[in-house]
Each structure stands twice: as C-alpha cells, then as structure tokens.
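Engineer: Below are the structure tokens for one structure; questions will follow.
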Amino acid sequence: MKQANKTIILGVTGGIAIHKSIDLASQLVKQGYSVHVVMTENATRLVQPIQFQVISRNPVLLDLFDIGSDWKPVHIDLADKADLLAIVPTTANIIGKMANGIADDALSTVAISVHCPILIAPAMEQHMYENPFVAANMQTLKEHGVEFVEPVSGDLASGKQGMGRLNTVEVILERITQMLQTPKDLDGKRVVVTAGPTREYLDPVRFISNRSSGKMGYAVAEAARDRGAEVLLISGPATAAPPTGVETRYIETTLELQDALLEGFDQTDIVVMAAAVADYRPQSFSANKIKKRADQLTLPLEQNPDIAQALGKRKKKGQITVGFAAETDDLLENAQKKLIKKNCDLIIANDVSAEGAGFEGDTNIVTLLDQNGNCEQLPLLSKREVADHILDRVVELILS
Ligand code: PMT
C-alpha cells in the first residue's frame, strides 16, 4: 500500500475504449492509490457506474448536484484533495470543453477546479483526431501543461484501421506512476519565476523588445508547481501559454518587472529569472506617434536598473536567486561575471546562437554555474528537462 497517500480522480468519458478504464481503475486500486471516478452522462450509457464504484471502493460522481456527506460541494472537495486528474478515455468533446474553459457537467467542472497535474489519453476515430478544431484544442491543452498519453494506430471502433486508438493500460499506468513520483521537494516554498521579453516603448505604438517566447520560464514555473511550490509567474508579453495552477502576472516594461519582483520579495524563497530583460530603454517617451521627418533618427537610450543585481544585494540568508545568462560569445566567462556581479546562487548560461538553444524553441543547451565553482554542462534537453535540472540544483542549495 505504498501509494495510499495519493488520490487520483479518474475521469471517464463515453468512448468505446471505456473497458480499458475499468482495468486501469482496478490496477490503480491494487497499487494502493485512492481512486475517485467521475463519469460523464455518455460514459454511463456504455458502462454502469456501479462497476467503477465497486472497483474503486468509492462513490462515483455523476452529477454536479450530488449531495455528499460533507458541507462542501463534492466536486470541489474532490478537486482539492486530488494529486492527479487522469481522463481515460478522453473524447474530442471533453478536450473541446477543457480547452475553452466550459464547465457544464461534473467532469468538465472538476477539470477546471483541480490544482494538480492533468493527464489525458485521447481515443477517437482518425478523422476526428486529425480534425483541425480538435487538433487546435489539443494544442491549447498541451501549451497549458496538460500531459498526454498519445493514442496509437490500430483497430478503431468503425472497423477501420488508423490513428486514434487508446494507448494500452500499461503505458497509461506507467505515465501516472511517473507523474506521481515527482518529488514534492518544494512543498511550502514560494517560488517566483520571470519569463518572456520586456518592451521598452518609444511612443504609443513602437517598442524595443527581443525574441523571448516565455517557454523557458514557463517550463520552470510548471516544474516548480509539480514539485509542490506555490508559484508566481511574472511574464512579459510572451507567445507561449502559461501553465495551469500557477498565478500569472503580466508586465511589459523592465520598470514594471522590477516593481512586480520587489513586491513580496522578502516573503519569497526562490526567484528564477528567465525573462529576457532590456538593458536599455528610450530616454524619453513620446506621447504621440513619432513622425517621419529627417533621413536618420537618433534614439538616445538610458540604462535600465539591473533587477537581478538589486535582488542579489537585498536577499537574506536562505533566499535563493537564479539568473540566466544569454550569451553569443565567451559563454562561461561572461556567465561567471554575471554570477558574481548579480550575486546569484546559480546562473544558467545559454549560448543563444547555438542550434537547439535559447530563444523560441522547445529545447535548450545550458551550463549551470554556482558560487562554489561547480560547473555542470547539460546536453540538448527539452526546456522542461532543463527546468527540472535547475530545480534539482536549487533543492541541493537549500539543503546545503
Ligand atoms: O523565452 P524563451 O524563448 O524560451 O527563451 C529563453 C531565454 C533565451 C530568454 C532564456 O533562456 C534566457 O537566457 N533568459 C535570460 C535573458 C537575459 O536577459 O539574459 P542577460 O544575460 O541579459 O541577463 C542576465 C540575467 O539578469 C537574467 O536573469 C535577466 O533576467 C537579468 N536581468 C537582465 C537585465 C536587467 N536589466 N535586469 C535583470 O534582472
């Protein structure tokens, strides 16, 4: 019964592959998880709720207005105690509702009430799976950090062969186990992550900015959330979608970022600064759009405050600050200088001119430098994997 302290909400929707979710519920219970099943109305037309009730040894939630034994609405109570919401099988209908924040039955309402990771296992006919609206909805969920067990190719309900068959129970089970084994080593910690670009305005319509998509910082925020931290994500106008279960505050300029970071800094345990911050801003702001007059326009710039350096000066014992160094040359030498100047505990050096590293992509290649002279070079990894490595090091620093 090693998993007895973990609660899984198993969402069951009306797909022909529903028989696999009965098997899944049974295996999860055998592994010691506390399983609570929530069924859609269509699911109950394929399988009787009593089957899930007996297997899960818990009442099955069918209706938002079910009366529980507690004063709290049942779906809120369930959402509050869940360590994972797994929806198996996941139809195009529930994917569409989740991607659009629609909550019109028990399962879709639970899906927007949980503050734990969400796993879905789509299962549908190939044409439905490839439909552009369904594909766009799936992309939205991915961008918000919903994990997928992708379907496989094989026999479909129509009798045809193709992509869209629910993956195997073994694969889904393995993924659930993997997701729930993430250490909660940042439980009780307040983590602030900065991400995305800043914008420095010349006039109401023009600004100086950079290529940051926000992906690196968003991955750090997501990883910190999964490790149990209370996370505040301070983001510039990024193109990536912020992860669920994370408070997100948007800023535009470096000065706004500075205000947002300084507010509450004293109550913050860890700050990870992945935002690409402008070192300079236009010296003056024209309230009206600047008119085209001469052949050349000279734009005087003034220096922005170095926020990382200010936090490095102000931090108290026990507070950890992590900076990123975006370099195109002399990577380690320049990163080392920033580590010292900004008094960071850790600096993440990335050569933003290297293939697969830096701005916009889903991967990065980084080297972690700390104040003790440790230098850990990582291979090409997904930004989420890089984020996990960074947090592993942060946890080591907290414990040292
Ligand atoms: O968002 P993505 O598309 O995923 O791209 C990721 C990334 C390339 C933006 C990211 O990995 C990265 O390198 N972020 C830091 C970019 C940057 O501003 O680097 P820098 O070397 O100029 O600054 C060093 C550190 O000081 C950074 O932590 C920065 O947030 C901070 N800084 C910089 C200037 C300033 N005035 N104040 C600061 O606090």
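For the structure tokens, the naming scheme is as follows: chains receive sequential letters (A, B, ...) according to their order of presentation, residues are indexed from 1 within each chain, and ligands are indexed from 1 in presentation order.
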May I have the residues within 12 Å of Ile16 in chain A as a ChimeraX atom specification, using only C-alpha atoms and disregarding those fewer than 4 positions away in the same chain?
Structural biologist: /A:12,20-21,42-47,88-91,122-125,155-159,164-166
Engineer: Using only C-alpha atoms, determine which residues lie at most 8 Å from Leu257 in chain A, disregarding the query and same-chain residues fewer than 5 positions distant; provide the list as a VMD selection string.
Structural biologist: chain A and resid 234 251 to 252
Engineer: Would you name the residues within 8 Å of ligand 1, counting only C-alpha atoms and all ligand atoms, and put them as an MDAnalysis selection string?
Structural biologist: chainID A and resid 194:197 211:218 238 254 258 272:280 303:310 322:327 335 338 342 347:350 352 357:362 364 383
Engineer: Using DSSP on the backbone coordinates, identify the residues of range 94-218 of chain A assigned to helix (DSSP H, G or I); present them as a ChimeraX atom specification.
Structural biologist: /A:94-99,106-113,126-130,132-143,169-180,215-218
Engineer: What's the separation between CA of Glu385 in chain A and CA of Asn137 in chain A, in Å to one decimal place?
Structural biologist: 24.4 Å
Engineer: Would you work out the distance separating CA of Lys81 in chain A from CA of Asn5 in chain A, expressed in Å to one decimal?
Structural biologist: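 It comes out at 10.3 Å.
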Engineer: Which of range 84-296 of chain A end up as strand (DSSP E or B) when DSSP is run on this backbone - answer as a count of residues only?
Structural biologist: 55
Engineer: Using only C-alpha atoms, which protein or nucleic acid residues come within 8 Å of Leu339 in chain A? Drop anything in the same chain fewer than 5 positions from it, and give the result as number ranges by chain.
Structural biologist: A: 323, 344-347, 369-371
Engineer: Write a file of the selected residues as a PDB file, in the first residue's frame, keeping C-alpha atoms.
Structural biologist:
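again34.pdb, freshly written:
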ATOM      1  CA  GLY A 323      19.728  34.108 -13.121  1.00  0.00           C
ATOM      2  CA  CYS A 344      23.138  34.897  -7.871  1.00  0.00           C
ATOM      3  CA  ASP A 345      23.331  31.486  -6.194  1.00  0.00           C
ATOM      4  CA  LEU A 346      23.156  29.858  -9.593  1.00  0.00           C
ATOM      5  CA  ILE A 347      23.488  31.144 -13.136  1.00  0.00           C
ATOM      6  CA  LEU A 369      27.443  27.651 -12.570  1.00  0.00           C
ATOM      7  CA  ASP A 370      27.319  28.212  -8.823  1.00  0.00           C
ATOM      8  CA  GLN A 371      29.216  30.245  -6.217  1.00  0.00           C
TER       9      GLN A 371
END
Engineer: How many Å separate CA of Lys316 in chain A from CA of Arg393 in chain A?
Structural biologist: 19.0 Å
Engineer: Would you list the contacts of range 298-300 of chain A as an MDAnalysis selection string, taking every protein, DNA or RNA residue within 12 Å and counting only C-alpha atoms, but skipping same-chain residues closer than 3 positions in sequence?
Structural biologist: chainID A and resid 201:203 207:208 280:286 290 293:295 303
Engineer: Keeping only N, CA and C atoms, write the selected residues as a PDB file, in the first residue's frame.
Structural biologist:
ATOM      1  N   TYR A 201       8.970  51.188 -24.547  1.00  0.00           N
ATOM      2  CA  TYR A 201       8.226  51.984 -25.525  1.00  0.00           C
ATOM      3  C   TYR A 201       8.919  53.286 -25.914  1.00  0.00           C
ATOM      4  N   LEU A 202       8.881  53.585 -27.241  1.00  0.00           N
ATOM      5  CA  LEU A 202       9.352  54.860 -27.781  1.00  0.00           C
ATOM      6  C   LEU A 202       8.186  55.840 -27.846  1.00  0.00           C
ATOM      7  N   ASP A 203       7.061  55.302 -28.277  1.00  0.00           N
ATOM      8  CA  ASP A 203       5.840  56.083 -28.440  1.00  0.00           C
ATOM      9  C   ASP A 203       4.687  55.097 -28.256  1.00  0.00           C
ATOM     10  N   PHE A 207       8.044  49.848 -29.824  1.00  0.00           N
ATOM     11  CA  PHE A 207       8.846  49.480 -28.646  1.00  0.00           C
ATOM     12  C   PHE A 207      10.092  48.711 -29.060  1.00  0.00           C
ATOM     13  N   ILE A 208      11.065  48.637 -28.127  1.00  0.00           N
ATOM     14  CA  ILE A 208      12.252  47.794 -28.311  1.00  0.00           C
ATOM     15  C   ILE A 208      11.991  46.519 -27.509  1.00  0.00           C
ATOM     16  N   TYR A 280      18.541  48.557 -21.800  1.00  0.00           N
ATOM     17  CA  TYR A 280      18.346  49.998 -22.053  1.00  0.00           C
ATOM     18  C   TYR A 280      16.893  50.271 -22.452  1.00  0.00           C
ATOM     19  N   ARG A 281      16.458  51.506 -22.188  1.00  0.00           N
ATOM     20  CA  ARG A 281      15.127  51.947 -22.631  1.00  0.00           C
ATOM     21  C   ARG A 281      15.271  53.343 -23.243  1.00  0.00           C
ATOM     22  N   PRO A 282      14.343  53.739 -24.125  1.00  0.00           N
ATOM     23  CA  PRO A 282      14.427  55.085 -24.689  1.00  0.00           C
ATOM     24  C   PRO A 282      14.423  56.125 -23.576  1.00  0.00           C
ATOM     25  N   GLN A 283      15.294  57.131 -23.746  1.00  0.00           N
ATOM     26  CA  GLN A 283      15.433  58.147 -22.699  1.00  0.00           C
ATOM     27  C   GLN A 283      14.126  58.912 -22.486  1.00  0.00           C
ATOM     28  N   SER A 284      13.402  59.118 -23.592  1.00  0.00           N
ATOM     29  CA  SER A 284      12.116  59.807 -23.425  1.00  0.00           C
ATOM     30  C   SER A 284      11.031  59.060 -24.191  1.00  0.00           C
ATOM     31  N   PHE A 285       9.811  59.250 -23.714  1.00  0.00           N
ATOM     32  CA  PHE A 285       8.663  58.606 -24.334  1.00  0.00           C
ATOM     33  C   PHE A 285       7.823  59.684 -24.996  1.00  0.00           C
ATOM     34  N   SER A 286       7.545  59.503 -26.289  1.00  0.00           N
ATOM     35  CA  SER A 286       6.723  60.491 -26.993  1.00  0.00           C
ATOM     36  C   SER A 286       5.258  60.081 -26.862  1.00  0.00           C
ATOM     37  N   ILE A 290       5.773  59.051 -33.202  1.00  0.00           N
ATOM     38  CA  ILE A 290       6.885  59.849 -33.739  1.00  0.00           C
ATOM     39  C   ILE A 290       6.734  59.949 -35.268  1.00  0.00           C
ATOM     40  N   ARG A 293      10.539  62.394 -40.273  1.00  0.00           N
ATOM     41  CA  ARG A 293      10.964  63.731 -40.720  1.00  0.00           C
ATOM     42  C   ARG A 293      12.301  63.633 -41.446  1.00  0.00           C
ATOM     43  N   ALA A 294      13.400  63.529 -40.705  1.00  0.00           N
ATOM     44  CA  ALA A 294      14.727  63.514 -41.341  1.00  0.00           C
ATOM     45  C   ALA A 294      15.052  62.112 -41.866  1.00  0.00           C
ATOM     46  N   ASP A 295      16.173  62.014 -42.625  1.00  0.00           N
ATOM     47  CA  ASP A 295      16.609  60.716 -43.160  1.00  0.00           C
ATOM     48  C   ASP A 295      17.003  59.763 -42.048  1.00  0.00           C
ATOM     49  N   GLN A 303      20.088  53.555 -19.294  1.00  0.00           N
ATOM     50  CA  GLN A 303      20.206  52.210 -18.736  1.00  0.00           C
ATOM     51  C   GLN A 303      19.017  51.863 -17.839  1.00  0.00           C
TER      52      GLN A 303
END
